[in-house]
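Novice: Take this structure, written in structure tokens, and hold onto it; I'll ask about it next.
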Amino acid sequence: MSAPEHLLELQGVAKHFGGLYALSGLDLHVEAGEIVSVIGPNGAGKSTMFNVVTGLYEPDDGDVRFRGDSIVGLAPNRITRLGISRTFQTVHLFPNMTILENAMVGQHCRTRSGVFGSVLRLPATRREEERIRVRARQSLGFFGSRLAGYREDQPAFALSYANRRRLEMARALATDPVMICLDEPTAGMNPRETLELRDHIVRMRDELGLTVLVIEHDMRVVKGVSDRVVALDYGRKIAEGTYEEVANDPQVIEAYLGTKAVG
Amino acid sequence: MGGVPKRSIVRGGLIGGGVAMYVALVGLYTKFADLALVGEQVTLGRVLLVAPALVAAYAVTRPRVVMGERVTVGFGPGVSAGTVSGFVTGVVFAAAVAFADLFGVERIREVFVSVTEPLIDFLTFGEGVPAGLPFLVGLCVVGGAIGAFARTAPAEIRRPASVGVSAVLLLGLLQRIVPIVFVELGYEADWLYSPTTKGLTWLGAIGVFVAAAGADVLWHRAGGNARQRVRAGVVGRPATRIGLFLVLAALLVALPLLLGTVISEVLGQVMIYVLLGLGLNIVVGYAGLLDLGYVAFFAFGAYTTGLLTGAMLNTTTGAVEPAISADLNFFIAVWLVVMMAAGVGVLIGAPVLRLRGDYLAIVTLGLGEIVSVITASKWAQPLIGGPQGMRGVTKAEIFGLNPQDNPQHFYYLALAFVLLAAFVSWRLAASRIGRAWNAMREDEQVANAMGISTTKFKLLAFAMGGAIGSLGGALFAVGIGSLTPASFEILVSITALAVVILGGLGSIPGVAVGALVLIGLPGLLREFEEYRLLIYGGAIVAIMVLRPQGLIPNIRRSRELAEEEVSQDAWARDVSGEVEAVAAVVPGGTLGVEPEDLE
């Protein structure tokens with residue numbers, strides 16, 4: 001085992017679907033306490049990379065290491081328990097559970113009460129249930145009053161779109177992660193909500209001490225939050241560095257805008 | 001307000017006529033021609049005669065959505081539409097009767113065994129074919145008018161009237177039970193139920209109608225506030241809840257004493273299916289895994305109980321001891337059975353872990369069939385007796401009570417098991433485990449990504465479901481004392497699933513109500529026995545169309561089904577009525593629009 005110099009490290013990760021190479025030989029690393037943005041045109045392999053990291057896909061080649069240990073082949077729930085939590089590109093809540101319950105599900109992997117404890121409501125189980133509730137409220141409280149108070153007992157489907165996104169993040173925060181992976185968190189949000197979310201991402205690191213890996217299309221957000229930006233295209237890393245470096249990289253410009261017309 | 005399109009009227013009438021012919025062909029009319037409900041005139045047969053036209057007219061005059069607006073049918077146009085549709089039903093039906101008569105009843109009978117002279121007599125009111133047919137048509141017209149009335153009359157009239165008529169019909173149908181209760185309580189029942197016809201007397205019927213309709217009027221006159229107070233009281237205040245609980249408990253304990261042995265036996269059957277329903281509810285209702293082979297656990301529980309309590313195998317040469325056998329007290333054996341069944345649940349769950357939805361249903365159906373086949377096979381004969389089965393399952397004697405000989409004692413044993421299973425289900429549903437099942441049911445992949453081991457919780461659902469199902473099997477074995485493969489066929493799986501669906505997936509009281517309706521009613525009304533499957537089918541279709549969340553829905557399930565209406569339809573509907581109804585289903589129901597998003 002190599003020393004855990006990087007929090008998360010992808011080494012030559014490849015993933016293909018039939019003949020389509022979604023990822024081919026991707027190297028990427030994330031340091032503890034960093035906010036890393038992943039950008040790239042549609043189909044560049046960003047979400048596939050997330051799915052490989054969180055265990056939804058198993059890579060065809062290469063290795064994914066978290067805190068020095070390989071997490072390839074682990075079930076998604078194991079990876080979540082190790083401390084990598086995520087949101088989805090299209091919101092995936094448990095729509096008919098209440099908002100509080102959604103967040104409480106996040107605490108599942110940090111708790112252990114079993115059949116006997118639950119049926120008999122042993123003191124330990126009751127204490128644990130109370131702890132789950134408190135922790136879930138805390139993570140809902142991260143977004144101020146938006147998900148708190150009377151909303152707690154509403155079904156998730158009754159939320160507005162932006163609040164659904166927030167709830168998804170709150171649920172991810174409730175798993176007590178070390179690193180949180182946000183897949184296009186501002187998609188579909190209006191400019192004011194986008195600005196607010198930019199602050200939330202920074203607060204996740206500054207207040208909660210999380211490492212953040214974020215896929216984002218909104219360049220103002222990328223510019224505002226990123227310690228480091230990684231650009232992907234055709235399943236490979238084409239540029240890496242500060243926002244300015246990556247934004248001015250000719251390969252990145254080409255990937256987004258196409259080749260300059262000759263003459 | 002609007003009228004009804006002519007096409008709909010005719011189509012409704014034709015469908016009514018078709019249904020009436022069907023009811024005649026399966027023999028329901030002749031079967032129930034003499035079952036008096038009220039006086040001598042109102043027999044169940046005659047009620048069924050009116051029913052197709054009535055229901056057709058009720059359906060024909062339903063509110064329609066025209067250009068996104070809900071249009072209800074007015075009283076005048078409604079009743080005329082109902083009358084016409086009833087007339088169409090009557091003509092179709094009468095034509096069929098006339099055809100049967102012309103063609104020759106004997107010849108039709110070669111195919112449809114229920115077409116007999118008494119049937120023709122019944123349908124023509126003893127007047128013979130040409131003379132009696134106008135009566136038949138007339139009765140259908142009246143039925144159509146009543147159906148339309150029940151839909152379109154002003155609410156203040158139709159609601160009490162419908163409640164009153166339903167109460168009368170229900171009490172008429174329960175003519176075996178209610179008089180017994182009266183007698184057991186020391187009251188005279190002859191004024192209510194006629195000793196000669198067995199049905200309600202006219203005086204009694206009128207009394208029941210007035211009482212039920214009056215209660216409905218008072219309830220609604222009290223206004224929305226009072227109703228809400230009562231509801232909030234029932235749901236909210238601890239004192240009321242404890243009071244209700246005590247009343248319910250007292251009722252459950254007193255029931256077999258009030259109802260006598262025959263009905264207690266039926267209640268025992270109901271309890272077995274409540275257990276099966278509760279177990280299946282965990283698998284299907286909580287965890288969302290459609291298991292069509294649930295009979296496997298029932299059979300496992302029953303046979304294992306037999307083996308552990310010293311039952312003997314039936315053979316042609318007499319009783320033989322099984323290959324493996326123990327002679328334990330039932331109350332020790334049953335816990336072993338439950339634990340082993342949980343293990344079997346894991347074994348059955350393991351191979352189907354990766355399957356979802358339809359595929360899971362098919363595979364579990366197969367697994368259930370395998371168990372059914374094994375119970376009847378020669379291969380397993382040395383162990384469980386094969387086709388001849390086993391007998392002499394020990395008596396579960398406790399405190400001198402013996403469930404095998406006395407249905408009332410069996411009821412108490414069953415009640416204890418049911419309460420235990422319900423308690424376990426309830427606690428599990430409200431725990432971290434229930435939450436995990438719920439999340440898994442809503443979105444398996446996301447639940448997994450949020451840290452829930454779907455493997456573990458699927459297996460746990462099968463194990464818990466299996467344990468409770470085997471408890472049902474153990475109860476069955478000890479109640480009946482002997483086991484044959486005929487009791488462990490696929491029908492058990494289907495019935496258990498029907499119980500869960502009818503009551504409402506994920507709802508514990510729903511299971512009890514579902515079992516009462518599907519097992520209790522056919523058991524109480526012995527005449528219905530041979531139509532049991534017809535009733536199951538009809539009940540499931542009706543519930544899917546009219547009330548897909550079940551009779552007593554789980555709150556989350558009703559949200560699920562209300563969701564689409566909330567987000568898509570509500571705005572287009574009649575705002576005063578429908579939105580209120582939807583908001584009542586969704587606690588604190590907003591319409592997905594929040595003030596801050598409108599800024």
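In the structure tokens, the first chain shown is A, the next is B, and so on; residue numbers restart at 1 for each chain, and ligands run from 1 in the order shown.
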Tell me as a PyMOL selection string which residues belonging to chain A come within 6 Å of chain B, counting only C-alpha atoms.

Specialist: chain A and resi 76-77+80+94+96+106+109+118-119+158-159

Novice: As a PyMOL selection string, please: the residues near segment 381-391 of chain B (cut-off 12 Å, only C-alpha atoms, same-chain neighbours under 5 positions excluded).

Specialist: chain B and resi 299-300+302-325+371-376+477-488

Novice: Would you export the selected residues with C-alpha atoms as a PDB file, in the first residue's frame, please?

Specialist:
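The new file out19.pdb reads:
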ATOM      1  CA  ALA B 299     -46.124 -24.893   3.680  1.00  0.00           C
ATOM      2  CA  PHE B 300     -42.755 -24.830   5.402  1.00  0.00           C
ATOM      3  CA  ALA B 302     -47.104 -26.106   8.564  1.00  0.00           C
ATOM      4  CA  TYR B 303     -45.030 -29.195   7.741  1.00  0.00           C
ATOM      5  CA  THR B 304     -42.147 -28.286  10.030  1.00  0.00           C
ATOM      6  CA  THR B 305     -44.581 -27.791  12.866  1.00  0.00           C
ATOM      7  CA  GLY B 306     -45.985 -31.223  12.111  1.00  0.00           C
ATOM      8  CA  LEU B 307     -42.548 -32.817  12.115  1.00  0.00           C
ATOM      9  CA  LEU B 308     -41.463 -31.115  15.320  1.00  0.00           C
ATOM     10  CA  THR B 309     -44.598 -31.975  17.247  1.00  0.00           C
ATOM     11  CA  GLY B 310     -44.784 -35.674  16.534  1.00  0.00           C
ATOM     12  CA  ALA B 311     -47.217 -35.924  13.641  1.00  0.00           C
ATOM     13  CA  MET B 312     -47.516 -39.245  11.810  1.00  0.00           C
ATOM     14  CA  LEU B 313     -47.501 -39.862   8.065  1.00  0.00           C
ATOM     15  CA  ASN B 314     -50.604 -41.191   6.398  1.00  0.00           C
ATOM     16  CA  THR B 315     -49.942 -44.293   4.331  1.00  0.00           C
ATOM     17  CA  THR B 316     -52.105 -47.018   2.908  1.00  0.00           C
ATOM     18  CA  THR B 317     -50.902 -49.354   5.635  1.00  0.00           C
ATOM     19  CA  GLY B 318     -51.544 -46.975   8.495  1.00  0.00           C
ATOM     20  CA  ALA B 319     -49.670 -44.281  10.340  1.00  0.00           C
ATOM     21  CA  VAL B 320     -45.888 -44.238   9.963  1.00  0.00           C
ATOM     22  CA  GLU B 321     -43.352 -42.156  11.753  1.00  0.00           C
ATOM     23  CA  PRO B 322     -41.638 -39.592   9.491  1.00  0.00           C
ATOM     24  CA  ALA B 323     -37.947 -39.903   8.614  1.00  0.00           C
ATOM     25  CA  ILE B 324     -37.093 -36.981  10.811  1.00  0.00           C
ATOM     26  CA  SER B 325     -39.278 -36.214  13.737  1.00  0.00           C
ATOM     27  CA  VAL B 371     -42.530 -26.194  -2.891  1.00  0.00           C
ATOM     28  CA  SER B 372     -46.134 -27.110  -3.757  1.00  0.00           C
ATOM     29  CA  VAL B 373     -44.935 -29.908  -5.988  1.00  0.00           C
ATOM     30  CA  ILE B 374     -42.535 -31.187  -3.345  1.00  0.00           C
ATOM     31  CA  THR B 375     -45.295 -31.430  -0.765  1.00  0.00           C
ATOM     32  CA  ALA B 376     -47.216 -33.738  -3.088  1.00  0.00           C
ATOM     33  CA  ALA B 477     -51.234 -27.028  11.169  1.00  0.00           C
ATOM     34  CA  VAL B 478     -52.103 -26.926  14.829  1.00  0.00           C
ATOM     35  CA  GLY B 479     -55.624 -25.794  14.120  1.00  0.00           C
ATOM     36  CA  ILE B 480     -56.529 -28.468  11.632  1.00  0.00           C
ATOM     37  CA  GLY B 481     -54.314 -31.262  12.993  1.00  0.00           C
ATOM     38  CA  SER B 482     -53.649 -32.901   9.629  1.00  0.00           C
ATOM     39  CA  LEU B 483     -51.900 -31.688   6.496  1.00  0.00           C
ATOM     40  CA  THR B 484     -52.377 -32.561   2.849  1.00  0.00           C
ATOM     41  CA  PRO B 485     -50.748 -31.007  -0.219  1.00  0.00           C
ATOM     42  CA  ALA B 486     -54.106 -29.637  -1.362  1.00  0.00           C
ATOM     43  CA  SER B 487     -53.820 -26.925   1.284  1.00  0.00           C
ATOM     44  CA  PHE B 488     -50.544 -25.637  -0.118  1.00  0.00           C
TER      45      PHE B 488
END

Novice: DSSP says helix (DSSP H, G or I) for which residues of segment 52-131 of chain A? Put them as a PyMOL selection string?

Specialist: chain A and resi 52-53+76-82+99-110+115-120+123-131

Novice: For the residues in that selection, give me N, CA and C atoms as a tab-separated table (two decimals), in the first residue's frame.

Specialist:
chain	number	residue	atom	x	y	z
A	52	VAL	N	-17.92	5.62	-11.48
A	52	VAL	CA	-16.83	4.69	-11.19
A	52	VAL	C	-16.33	4.93	-9.76
A	53	VAL	N	-16.18	6.20	-9.40
A	53	VAL	CA	-15.68	6.51	-8.06
A	53	VAL	C	-16.64	6.02	-6.98
A	76	PRO	N	-21.62	0.13	-3.89
A	76	PRO	CA	-21.80	1.57	-3.62
A	76	PRO	C	-22.01	1.87	-2.14
A	77	ASN	N	-22.77	1.00	-1.44
A	77	ASN	CA	-23.04	1.33	-0.03
A	77	ASN	C	-21.77	1.23	0.81
A	78	ARG	N	-20.84	0.36	0.41
A	78	ARG	CA	-19.58	0.26	1.14
A	78	ARG	C	-18.75	1.53	0.93
A	79	ILE	N	-18.75	2.00	-0.29
A	79	ILE	CA	-17.96	3.20	-0.60
A	79	ILE	C	-18.54	4.41	0.14
A	80	THR	N	-19.87	4.46	0.20
A	80	THR	CA	-20.49	5.55	0.96
A	80	THR	C	-20.06	5.47	2.42
A	81	ARG	N	-20.01	4.26	2.95
A	81	ARG	CA	-19.61	4.12	4.34
A	81	ARG	C	-18.16	4.53	4.54
A	82	LEU	N	-17.32	4.32	3.51
A	82	LEU	CA	-15.93	4.74	3.62
A	82	LEU	C	-15.80	6.26	3.63
A	99	ILE	N	-39.21	14.93	3.92
A	99	ILE	CA	-37.91	15.55	3.77
A	99	ILE	C	-36.97	15.09	4.88
A	100	LEU	N	-37.51	15.05	6.09
A	100	LEU	CA	-36.68	14.60	7.20
A	100	LEU	C	-36.26	13.14	7.00
A	101	GLU	N	-37.20	12.31	6.56
A	101	GLU	CA	-36.87	10.90	6.33
A	101	GLU	C	-35.79	10.74	5.28
A	102	ASN	N	-35.88	11.54	4.23
A	102	ASN	CA	-34.85	11.48	3.20
A	102	ASN	C	-33.48	11.72	3.81
A	103	ALA	N	-33.39	12.75	4.65
A	103	ALA	CA	-32.10	13.04	5.27
A	103	ALA	C	-31.71	11.94	6.26
A	104	MET	N	-32.73	11.37	6.93
A	104	MET	CA	-32.43	10.32	7.91
A	104	MET	C	-31.85	9.08	7.23
A	105	VAL	N	-32.30	8.83	5.99
A	105	VAL	CA	-31.74	7.69	5.25
A	105	VAL	C	-30.23	7.85	5.13
A	106	GLY	N	-29.78	9.10	4.98
A	106	GLY	CA	-28.35	9.34	4.86
A	106	GLY	C	-27.56	8.82	6.05
A	107	GLN	N	-28.17	8.88	7.23
A	107	GLN	CA	-27.47	8.44	8.44
A	107	GLN	C	-27.42	6.91	8.56
A	108	HIS	N	-28.14	6.24	7.65
A	108	HIS	CA	-28.27	4.79	7.77
A	108	HIS	C	-26.92	4.11	7.95
A	109	CYS	N	-25.95	4.49	7.12
A	109	CYS	CA	-24.69	3.76	7.12
A	109	CYS	C	-23.84	4.07	8.35
A	110	ARG	N	-24.25	5.05	9.14
A	110	ARG	CA	-23.50	5.36	10.36
A	110	ARG	C	-24.17	4.77	11.59
A	115	VAL	N	-32.87	-5.87	14.00
A	115	VAL	CA	-34.27	-6.28	14.15
A	115	VAL	C	-34.70	-6.25	15.62
A	116	PHE	N	-33.89	-6.86	16.49
A	116	PHE	CA	-34.34	-6.97	17.88
A	116	PHE	C	-34.44	-5.60	18.54
A	117	GLY	N	-33.40	-4.79	18.31
A	117	GLY	CA	-33.42	-3.45	18.88
A	117	GLY	C	-34.63	-2.66	18.39
A	118	SER	N	-34.96	-2.81	17.10
A	118	SER	CA	-36.05	-2.03	16.53
A	118	SER	C	-37.40	-2.51	17.05
A	119	VAL	N	-37.56	-3.83	17.15
A	119	VAL	CA	-38.85	-4.36	17.60
A	119	VAL	C	-39.07	-4.05	19.08
A	120	LEU	N	-38.02	-4.21	19.86
A	120	LEU	CA	-38.17	-4.01	21.30
A	120	LEU	C	-37.96	-2.56	21.71
A	123	PRO	N	-33.28	0.85	24.71
A	123	PRO	CA	-32.80	2.22	24.97
A	123	PRO	C	-31.74	2.65	23.96
A	124	ALA	N	-30.83	1.74	23.63
A	124	ALA	CA	-29.76	2.10	22.68
A	124	ALA	C	-30.36	2.48	21.33
A	125	THR	N	-31.38	1.72	20.91
A	125	THR	CA	-32.00	2.02	19.62
A	125	THR	C	-32.69	3.37	19.65
A	126	ARG	N	-33.36	3.62	20.77
A	126	ARG	CA	-34.06	4.92	20.86
A	126	ARG	C	-33.08	6.07	20.83
A	127	ARG	N	-31.98	5.89	21.55
A	127	ARG	CA	-30.97	6.95	21.53
A	127	ARG	C	-30.42	7.13	20.12
A	128	GLU	N	-30.19	6.00	19.47
A	128	GLU	CA	-29.65	6.08	18.12
A	128	GLU	C	-30.62	6.78	17.18
A	129	GLU	N	-31.90	6.43	17.31
A	129	GLU	CA	-32.92	7.05	16.46
A	129	GLU	C	-32.94	8.56	16.69
A	130	GLU	N	-32.80	8.94	17.94
A	130	GLU	CA	-32.79	10.37	18.26
A	130	GLU	C	-31.57	11.04	17.63
A	131	ARG	N	-30.44	10.32	17.69
A	131	ARG	CA	-29.22	10.86	17.11
A	131	ARG	C	-29.37	11.02	15.60

Novice: Smallest atom-to-atom distance to Ile35 of chain A: which of A:Thr242, A:Leu257, A:Thr211, A:Met49, using only C-alpha atoms?

Specialist: A:Thr211

Novice: Would you pick out the contacts of Gly78 of chain B at 7 Å or less, using only C-alpha atoms, so that residues sharing its chain but fewer than 2 positions from it are not included, and give the list as a ChimeraX atom specification?

Specialist: /B:3,61,73-76,80-82,148,152

Novice: Filtering to N, CA and C atoms, could you give me those residues as a compact mmCIF listing (two decimals), in the first residue's frame?

Specialist:
# COMPACT_ATOMS: atom_id res chain seq x y z
N GLY B 3 -74.98 17.19 -20.08
CA GLY B 3 -75.69 15.95 -20.34
C GLY B 3 -74.71 14.82 -20.55
N THR B 61 -73.36 8.05 -15.80
CA THR B 61 -73.59 9.45 -15.38
C THR B 61 -72.41 10.01 -14.61
N VAL B 73 -72.76 15.68 -14.25
CA VAL B 73 -74.03 15.52 -14.95
C VAL B 73 -75.15 16.04 -14.05
N GLY B 74 -76.06 16.83 -14.62
CA GLY B 74 -77.17 17.37 -13.84
C GLY B 74 -78.18 16.29 -13.48
N PHE B 75 -79.06 16.62 -12.55
CA PHE B 75 -80.01 15.63 -12.04
C PHE B 75 -80.98 15.18 -13.14
N GLY B 76 -81.60 16.16 -13.81
CA GLY B 76 -82.58 15.84 -14.84
C GLY B 76 -81.98 15.00 -15.96
N SER B 80 -82.61 10.87 -16.83
CA SER B 80 -83.11 10.38 -18.11
C SER B 80 -82.06 9.50 -18.78
N ALA B 81 -80.78 9.89 -18.67
CA ALA B 81 -79.73 9.04 -19.24
C ALA B 81 -79.72 7.67 -18.57
N GLY B 82 -79.86 7.67 -17.24
CA GLY B 82 -79.87 6.41 -16.50
C GLY B 82 -81.03 5.53 -16.92
N ALA B 148 -78.62 6.35 -11.62
CA ALA B 148 -78.40 7.74 -11.99
C ALA B 148 -78.73 8.65 -10.81
N THR B 152 -76.43 11.57 -9.36
CA THR B 152 -76.67 12.96 -9.74
C THR B 152 -77.61 13.71 -8.82

Novice: Which neighbours of Gln269 of chain B fall inside 12 Å, counting only C-alpha atoms, when residues of the same chain fewer than 6 positions from it are skipped, and could you give them as a tab-separated table (two decimals) with C-alpha atoms, in the first residue's frame?

Specialist:
chain	number	residue	atom	x	y	z
B	262	VAL	CA	-69.29	-21.56	13.64
B	263	ILE	CA	-68.37	-17.96	13.03
B	275	LEU	CA	-50.75	-13.57	9.38
B	276	LEU	CA	-49.91	-14.44	5.78
B	407	PRO	CA	-62.71	-22.81	17.31
B	408	GLN	CA	-63.08	-20.18	20.01
B	410	PHE	CA	-58.20	-21.42	18.25
B	411	TYR	CA	-59.28	-17.85	17.68
B	414	ALA	CA	-54.52	-16.96	16.38
B	415	LEU	CA	-55.22	-13.55	17.86
B	418	VAL	CA	-51.55	-11.92	14.84
B	472	GLY	CA	-49.38	-18.70	9.74
B	473	GLY	CA	-48.45	-22.20	8.59
B	475	LEU	CA	-51.15	-21.97	13.22
B	476	PHE	CA	-52.88	-23.69	10.34
B	477	ALA	CA	-51.23	-27.03	11.17
B	479	GLY	CA	-55.62	-25.79	14.12
B	480	ILE	CA	-56.53	-28.47	11.63
B	512	ALA	CA	-56.85	-7.10	8.60
B	515	ALA	CA	-58.57	-10.63	5.07
B	516	LEU	CA	-61.98	-9.90	6.60
B	517	VAL	CA	-63.39	-8.99	3.21
B	518	LEU	CA	-61.77	-11.73	1.15
B	519	ILE	CA	-61.79	-14.61	3.62
B	520	GLY	CA	-64.38	-13.54	6.16
B	521	LEU	CA	-67.26	-12.58	3.90
B	522	PRO	CA	-67.18	-15.69	1.69
B	523	GLY	CA	-66.77	-17.78	4.82
B	524	LEU	CA	-69.70	-16.20	6.56

Novice: Residues at most 9 Å from Leu74 of chain A, counting only C-alpha atoms, excluding those fewer than 6 positions away in the same chain, as a list in words?

Specialist: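 Counting only C-alpha atoms, the residues come to Thr54, Gly55 and Glu58 of chain A.
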
Novice: Please, could you write that set of residues out with C-alpha atoms as a PDB file, in the first residue's frame?

Specialist:
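And here is the file that came out, part.pdb:
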ATOM      1  CA  THR A  54     -18.906   5.830  -6.166  1.00  0.00           C
ATOM      2  CA  GLY A  55     -19.066   2.187  -7.196  1.00  0.00           C
ATOM      3  CA  GLU A  58     -16.810  -1.080 -12.057  1.00  0.00           C
TER       4      GLU A  58
END
